[in-house]
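Q: Contents are mmCIF, C-alpha atoms and all ligand atoms; file name work-v1.cif:
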data_target
#
loop_
_atom_site.label_atom_id
_atom_site.label_comp_id
_atom_site.auth_asym_id
_atom_site.auth_seq_id
_atom_site.Cartn_x
_atom_site.Cartn_y
_atom_site.Cartn_z
CA MET A 9 68.63 96.74 115.14
CA LEU A 10 68.56 96.58 118.95
CA GLU A 11 68.16 93.22 120.65
CA VAL A 12 68.09 93.20 124.47
CA ARG A 13 67.90 89.87 126.24
CA ASP A 14 67.35 89.15 129.94
CA LEU A 15 69.06 92.35 131.03
CA ARG A 16 69.70 92.76 134.73
CA ALA A 17 71.13 95.80 136.52
CA GLY A 18 70.78 97.85 139.65
CA TYR A 19 72.47 100.01 142.23
CA GLY A 20 74.50 98.23 144.90
CA ALA A 21 72.41 95.46 146.39
CA THR A 22 69.20 96.79 144.81
CA GLU A 23 68.28 95.05 141.58
CA VAL A 24 66.18 97.38 139.40
CA LEU A 25 66.13 95.59 136.02
CA ARG A 26 65.13 91.99 136.62
CA GLY A 27 65.49 90.45 133.17
CA VAL A 28 64.37 92.89 130.47
CA SER A 29 64.08 91.68 126.87
CA LEU A 30 63.03 93.90 123.98
CA ASP A 31 63.75 94.66 120.32
CA VAL A 32 63.77 97.73 118.11
CA LYS A 33 63.85 97.19 114.36
CA ALA A 34 65.30 99.65 111.83
CA GLY A 35 62.96 102.57 111.18
CA GLU A 36 60.61 101.65 114.04
CA VAL A 37 59.21 103.82 116.81
CA VAL A 38 58.91 101.70 119.93
CA ALA A 39 57.37 103.06 123.13
CA VAL A 40 58.49 101.85 126.55
CA LEU A 41 55.80 102.79 129.03
CA GLY A 42 55.46 102.46 132.75
CA SER A 43 54.86 104.49 135.87
CA ASN A 44 57.38 106.25 138.10
CA GLY A 45 60.24 104.16 139.40
CA VAL A 46 59.69 100.96 137.40
CA GLY A 47 63.21 101.19 135.93
CA LYS A 48 62.79 102.95 132.56
CA THR A 49 65.61 105.44 133.11
CA THR A 50 67.84 102.70 134.50
CA LEU A 51 67.21 100.71 131.29
CA ASN A 52 68.27 103.73 129.21
CA LYS A 53 71.37 104.22 131.34
CA VAL A 54 72.40 100.60 130.91
CA LEU A 55 71.78 100.75 127.15
CA SER A 56 74.01 103.84 126.93
CA GLY A 57 76.82 102.46 129.09
CA VAL A 58 76.32 104.73 132.10
CA VAL A 59 75.14 102.01 134.49
CA PRO A 60 76.74 98.56 134.05
CA ALA A 61 74.64 95.49 133.29
CA THR A 62 75.05 92.71 135.84
CA SER A 63 73.96 90.10 133.26
CA GLY A 64 72.16 89.77 129.95
CA THR A 65 73.02 90.88 126.43
CA ILE A 66 72.64 94.03 124.32
CA ARG A 67 73.21 93.57 120.59
CA PHE A 68 73.11 96.59 118.32
CA ASN A 69 73.38 96.01 114.57
CA GLY A 70 74.98 92.66 115.42
CA ALA A 71 77.64 94.02 117.83
CA ALA A 72 77.67 93.11 121.53
CA LEU A 73 77.45 96.33 123.57
CA GLU A 74 76.77 95.06 127.10
CA HIS A 75 80.39 95.58 128.18
CA GLU A 76 81.13 98.70 126.13
CA ALA A 77 81.63 102.17 127.59
CA ALA A 78 79.47 105.15 126.63
CA PRO A 79 81.75 106.63 123.90
CA ALA A 80 81.86 103.33 121.97
CA ILE A 81 78.07 103.03 122.23
CA VAL A 82 77.59 106.58 120.90
CA THR A 83 80.05 105.87 118.09
CA ALA A 84 78.02 102.77 117.19
CA GLY A 85 75.03 105.11 116.71
CA LEU A 86 72.96 104.35 119.81
CA ILE A 87 72.29 107.77 121.29
CA HIS A 88 70.35 108.58 124.44
CA VAL A 89 68.70 111.96 125.06
CA PRO A 90 68.46 111.87 128.84
CA GLU A 91 65.54 112.66 131.09
CA GLY A 92 65.77 116.25 132.33
CA ARG A 93 67.62 117.31 129.13
CA LYS A 94 71.03 117.68 130.82
CA ILE A 95 72.10 120.54 128.58
CA PHE A 96 75.10 122.66 129.58
CA PRO A 97 73.47 125.91 130.77
CA ASN A 98 76.67 127.99 130.72
CA LEU A 99 77.57 127.08 127.15
CA SER A 100 75.90 128.60 124.11
CA VAL A 101 73.28 126.73 122.10
CA ARG A 102 75.82 126.18 119.31
CA GLU A 103 78.47 124.89 121.74
CA ASN A 104 75.96 122.41 123.17
CA LEU A 105 75.27 121.16 119.65
CA GLU A 106 78.99 120.88 118.89
CA LEU A 107 79.46 118.71 122.00
CA GLY A 108 76.92 116.26 120.62
CA ALA A 109 79.36 115.49 117.81
CA TYR A 110 82.39 114.77 119.99
CA CYS A 111 82.54 111.15 118.80
CA ARG A 112 82.35 112.18 115.13
CA PRO A 113 84.98 113.66 112.80
CA ARG A 114 85.19 117.47 112.68
CA ARG A 115 84.63 117.44 108.94
CA GLY A 116 80.99 118.07 108.12
CA ARG A 117 80.15 119.36 111.61
CA ALA A 118 79.15 122.88 110.45
CA GLU A 119 76.84 121.37 107.82
CA ARG A 120 75.26 119.11 110.43
CA ILE A 121 74.62 122.11 112.68
CA GLU A 122 72.88 123.83 109.74
CA GLN A 123 70.69 120.72 109.30
CA ILE A 124 69.76 120.87 112.98
CA TYR A 125 68.94 124.58 112.63
CA ALA A 126 66.69 123.72 109.67
CA THR A 127 64.79 121.24 111.88
CA PHE A 128 64.75 123.60 114.88
CA PRO A 129 64.66 127.21 113.59
CA LYS A 130 64.38 128.53 117.17
CA LEU A 131 67.82 127.10 117.98
CA LYS A 132 69.28 129.07 115.09
CA GLN A 133 67.72 132.29 116.39
CA ARG A 134 69.28 131.59 119.80
CA ALA A 135 72.56 130.08 118.62
CA ARG A 136 74.78 132.45 120.63
CA GLN A 137 72.61 132.58 123.74
CA TYR A 138 73.51 130.65 126.89
CA ALA A 139 71.53 127.41 126.77
CA GLY A 140 70.36 128.04 130.35
CA THR A 141 68.32 131.04 129.16
CA LEU A 142 66.12 128.90 126.86
CA SER A 143 62.57 127.91 127.77
CA GLY A 144 61.93 124.31 128.86
CA GLY A 145 60.64 123.35 125.41
CA GLU A 146 63.60 124.95 123.68
CA GLN A 147 66.00 123.15 126.04
CA GLN A 148 64.32 119.84 125.16
CA MET A 149 64.75 120.64 121.46
CA LEU A 150 68.40 121.47 122.10
CA ALA A 151 68.88 118.15 123.89
CA ILE A 152 67.35 116.32 120.92
CA GLY A 153 69.38 118.42 118.46
CA ARG A 154 72.54 117.59 120.41
CA GLY A 155 71.61 113.90 120.19
CA LEU A 156 71.11 114.21 116.42
CA MET A 157 74.59 115.77 116.11
CA GLY A 158 75.99 112.35 117.10
CA GLU A 159 74.41 110.85 113.94
CA PRO A 160 72.18 108.28 115.66
CA LYS A 161 70.94 105.11 114.05
CA LEU A 162 68.69 104.66 117.07
CA LEU A 163 67.65 107.60 119.24
CA ILE A 164 66.45 106.88 122.78
CA LEU A 165 64.26 109.68 124.08
CA ASP A 166 63.75 109.63 127.84
CA GLU A 167 60.58 111.48 128.85
CA PRO A 168 60.85 114.22 126.20
CA SER A 169 57.45 115.67 127.16
CA LEU A 170 58.17 115.89 130.90
CA GLY A 171 57.49 119.32 132.41
CA LEU A 172 56.35 120.92 129.16
CA SER A 173 53.16 122.93 128.63
CA PRO A 174 50.34 121.12 126.77
CA LEU A 175 51.09 123.14 123.63
CA MET A 176 54.79 122.28 123.81
CA VAL A 177 53.94 118.61 124.38
CA GLU A 178 51.96 118.68 121.09
CA GLU A 179 54.91 120.32 119.36
CA MET A 180 57.33 117.78 120.82
CA PHE A 181 55.27 114.79 119.64
CA ALA A 182 54.92 116.39 116.18
CA LEU A 183 58.69 116.77 116.06
CA ILE A 184 59.25 113.14 117.08
CA ALA A 185 56.80 112.09 114.34
CA ARG A 186 58.84 114.09 111.78
CA LEU A 187 62.08 112.46 112.95
CA ALA A 188 60.44 109.03 112.68
CA ALA A 189 59.14 109.85 109.19
CA SER A 190 62.75 110.53 108.14
CA GLY A 191 63.46 106.83 108.85
CA LEU A 192 65.24 107.22 112.20
CA ALA A 193 64.57 104.40 114.68
CA ILE A 194 63.29 105.80 117.97
CA MET A 195 62.80 104.26 121.40
CA LEU A 196 60.40 106.55 123.19
CA VAL A 197 60.36 106.18 126.96
CA GLU A 198 57.38 108.06 128.30
CA GLN A 199 54.76 108.48 130.94
CA ASN A 200 52.55 110.23 128.41
CA VAL A 201 50.83 107.00 127.43
CA VAL A 202 48.09 108.12 125.07
CA GLN A 203 50.24 110.25 122.77
CA SER A 204 53.07 107.69 122.80
CA LEU A 205 50.73 104.89 121.75
CA GLU A 206 49.38 107.07 118.94
CA LEU A 207 52.90 107.68 117.64
CA ALA A 208 54.60 104.32 118.17
CA GLY A 209 54.32 101.20 116.05
CA ARG A 210 54.86 98.85 118.99
CA ALA A 211 54.97 99.28 122.73
CA TYR A 212 56.39 97.55 125.80
CA ILE A 213 54.92 98.00 129.24
CA MET A 214 57.33 97.81 132.12
CA GLU A 215 56.44 97.07 135.73
CA ASN A 216 58.92 96.55 138.58
CA GLY A 217 61.93 95.97 136.37
CA ILE A 218 60.40 93.57 133.85
CA ILE A 219 58.36 93.83 130.66
CA THR A 220 54.88 92.58 131.48
CA LEU A 221 53.15 93.26 128.16
CA SER A 222 54.12 94.07 124.58
CA GLY A 223 52.37 94.38 121.25
CA PRO A 224 51.25 96.68 118.45
CA ALA A 225 50.65 100.15 119.91
CA SER A 226 47.28 100.46 118.15
CA GLU A 227 46.09 97.25 119.85
CA LEU A 228 47.14 98.45 123.29
CA ASN A 229 45.59 101.83 122.60
CA SER A 230 42.22 100.42 121.60
CA ASN A 231 41.92 97.92 124.44
CA ALA A 232 40.38 99.79 127.35
CA GLU A 233 40.76 96.82 129.69
CA LEU A 234 44.50 96.53 129.04
CA LYS A 235 44.95 100.25 129.49
CA ARG A 236 43.12 100.09 132.78
CA ALA A 237 44.96 97.02 134.05
CA TYR A 238 48.47 97.91 132.92
CA LEU A 239 48.55 101.66 132.63
CA GLY A 240 46.04 102.83 135.21
CA LEU A 241 44.04 104.78 132.60
N1 LIG B 1 71.53 106.24 141.34
C1 LIG B 1 70.66 105.47 141.99
N2 LIG B 1 71.00 104.85 143.13
C2 LIG B 1 70.12 104.05 143.80
N3 LIG B 1 68.86 103.80 143.38
C3 LIG B 1 68.46 104.39 142.22
C4 LIG B 1 69.33 105.26 141.48
N4 LIG B 1 68.65 105.69 140.38
C5 LIG B 1 67.43 105.12 140.46
N5 LIG B 1 67.31 104.35 141.56
C6 LIG B 1 66.13 103.58 141.97
O1 LIG B 1 65.84 102.65 140.93
C7 LIG B 1 64.44 102.51 140.75
C8 LIG B 1 64.09 102.74 139.30
O2 LIG B 1 64.36 104.10 138.96
P1 LIG B 1 64.31 104.65 137.47
O3 LIG B 1 64.69 106.09 137.50
O4 LIG B 1 65.04 103.75 136.58
O5 LIG B 1 62.75 104.50 137.16
P2 LIG B 1 61.85 105.20 136.07
O6 LIG B 1 60.88 104.18 135.62
O7 LIG B 1 62.70 105.82 135.02
O8 LIG B 1 61.12 106.30 136.89
P3 LIG B 1 60.97 107.87 136.57
O9 LIG B 1 59.93 107.93 135.53
O10 LIG B 1 60.52 108.43 137.88
O11 LIG B 1 62.31 108.36 136.13
C9 LIG B 1 63.78 103.47 141.71
O12 LIG B 1 63.39 102.75 142.85
C10 LIG B 1 64.88 104.45 142.05
O13 LIG B 1 64.73 104.95 143.35
#
Would you write the structure of this file as structure tokens?

A:
Amino acid sequence: MLEVRDLRAGYGATEVLRGVSLDVKAGEVVAVLGSNGVGKTTLNKVLSGVVPATSGTIRFNGAALEHEAAPAIVTAGLIHVPEGRKIFPNLSVRENLELGAYCRPRRGRAERIEQIYATFPKLKQRARQYAGTLSGGEQQMLAIGRGLMGEPKLLILDEPSLGLSPLMVEEMFALIARLAASGLAIMLVEQNVVQSLELAGRAYIMENGIITLSGPASELNSNAELKRAYLGL
């Protein structure tokens, strides 16, 4: 579904991605793991058309996306739920959800919102509240719900567990597992290594702008030496 080859990008003279290659197949959960500052968020921003690639290719369901702008990428079904949620605090929960569908036809939008409410009952309870009044966990759910409103074929989740209480982290991973069970392809970019490896089918480990290791998540999870060497666990 997603095929990234030798992707390079950065900010000004600073190259952050130094030739990243990875794949996500239909229906797969793929974890991209790595410590602070290795370039995970930059990768997500390039994949979603926010930061331009300097070279390399991004193919999504056969279409070349490396030169496309964000709206075309969203329309193609590659949707990024950003780190830090980036909800609109002064809009209501429902308005935030509606904005997630801006690339989709109006028809069917109300039904889609009802589907999101069925997945996230708390968002229904708070539909008319300002999004800024939600708890951190609820805001993360809203950000994911807003992403789902765009009808993703592949959902990129950037650090969905960041800043949440341990209980909320459990809830968040359970939610991601439910989304994956529905057949949605997910690229999970996380620092929460153990839970991500338990959920994902495959994983990539990123260090200093390149992928240094990849393989079945269960293999990485059961190899203490690899975890120590690559993930500092
Ligand atoms: N807008 C920017 N301008 C200049 N440098 C940036 C910018 N955004 C990120 N960087 C730098 O790029 C490098 C990679 O950052 P990035 O956010 O992609 O890493 P990350 O792996 O997602 O880390 P984190 O988990 O902390 O978000 C860092 O050195 C960071 O300082």

Q: Counting all atoms listed in the file, what residues are within 10 Å of ligand LIG 1 (chain B), given as a ChimeraX atom specification?

A: /A:17-25,40-54,59,91-92,166-167,170,197-199,214-217

Q: Need to verify the contact set: segment 74-87 of chain A, 10 Å, only C-alpha atoms, exclusion of same-chain residues closer than 5 positions in sequence. Can you return it as a PyMOL selection string?

A: chain A and resi 9-10+12+15+52-69+108-112+152+154-165+193-194

Q: Find the residues near segment 127-139 of chain A: any atom within 8 Å, counting all atoms listed in the file, skip ones fewer than 5 places away on the same chain, and give them as a PyMOL selection string.

A: chain A and resi 95-102+104+146-147+149-150+153

Q: Kindly indicate which residue among A:Asn200, A:Glu122, A:Arg13, A:Ala39 lies nearest to Gly171 of chain A, using all atoms listed in the file for the distances.

A: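 Looking only at the distances to Gly171 of chain A, the closest residue turns out to be A:Asn200.
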
Q: Once you count only C-alpha atoms, which residues end up no further than 7 Å from (47.7, 104.7, 124.7) in the file's frame, shown as a ChimeraX atom specification?

A: /A:201-206,228-229

Q: Quick one, how far is atom CA of Gly70 of chain A from atom CA of Leu105 of chain A?

A: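 One can read the atom CA of Gly70 of chain A to atom CA of Leu105 of chain A distance as 28.8 Å.
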
Q: Using all atoms listed in the file for the distances, tell me which of A:Arg186, A:Arg26, A:Arg115, A:Arg120 is nearest to Thr220 of chain A.

A: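 Result for the nearest residue to Thr220 of chain A: A:Arg26.
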
Q: Of the residues A:Ala126, A:Leu172, A:Met195, A:Ala225, which is the one nearest to Asp31 of chain A, using all atoms listed in the file?

A: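 Counting all atoms listed in the file, the residue closest to Asp31 of chain A is A:Met195.
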
Q: Would you work out the distance separating atom CA of Lys94 of chain A from atom CA of Gly144 of chain A, expressed in Å to one decimal?

A: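 Going from atom CA of Lys94 of chain A over to atom CA of Gly144 of chain A, I get 11.4 Å.
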
Q: Would you compute the distance between atom CA of Phe181 of chain A and atom CA of Gln123 of chain A? Give it in Å to one decimal.

A: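 Distance between the two atoms: 19.5 Å.
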
Q: I'd like the contact shell of Ala188 of chain A - 10 Å cut-off, all atoms listed in the file, skipping same-chain residues fewer than 5 positions apart - returned as a VMD selection string.

A: chain A and resid 35 to 37 163 182 to 183 193 to 194 207 to 208

Q: Deliver the residues from the most recent selection as a file, using C-alpha atoms, as a PDB file, in the frame of the given file.

A:
ATOM      1  CA  GLY A  35      62.960 102.570 111.180  1.00  0.00           C
ATOM      2  CA  GLU A  36      60.610 101.650 114.040  1.00  0.00           C
ATOM      3  CA  VAL A  37      59.210 103.820 116.810  1.00  0.00           C
ATOM      4  CA  LEU A 163      67.650 107.600 119.240  1.00  0.00           C
ATOM      5  CA  ALA A 182      54.920 116.390 116.180  1.00  0.00           C
ATOM      6  CA  LEU A 183      58.690 116.770 116.060  1.00  0.00           C
ATOM      7  CA  ALA A 193      64.570 104.400 114.680  1.00  0.00           C
ATOM      8  CA  ILE A 194      63.290 105.800 117.970  1.00  0.00           C
ATOM      9  CA  LEU A 207      52.900 107.680 117.640  1.00  0.00           C
ATOM     10  CA  ALA A 208      54.600 104.320 118.170  1.00  0.00           C
TER      11      ALA A 208
END

Q: Report, as lines of an AutoDock Vina configuration file, the axis-aligned box around all atoms of segment 119-125 of chain A present in the file, extended by 6 Å on each side; give centre and edge lengths in Å to one decimal place.

A:
center_x = 72.9
center_y = 121.8
center_z = 110.4
size_x = 19.9
size_y = 17.5
size_z = 17.2
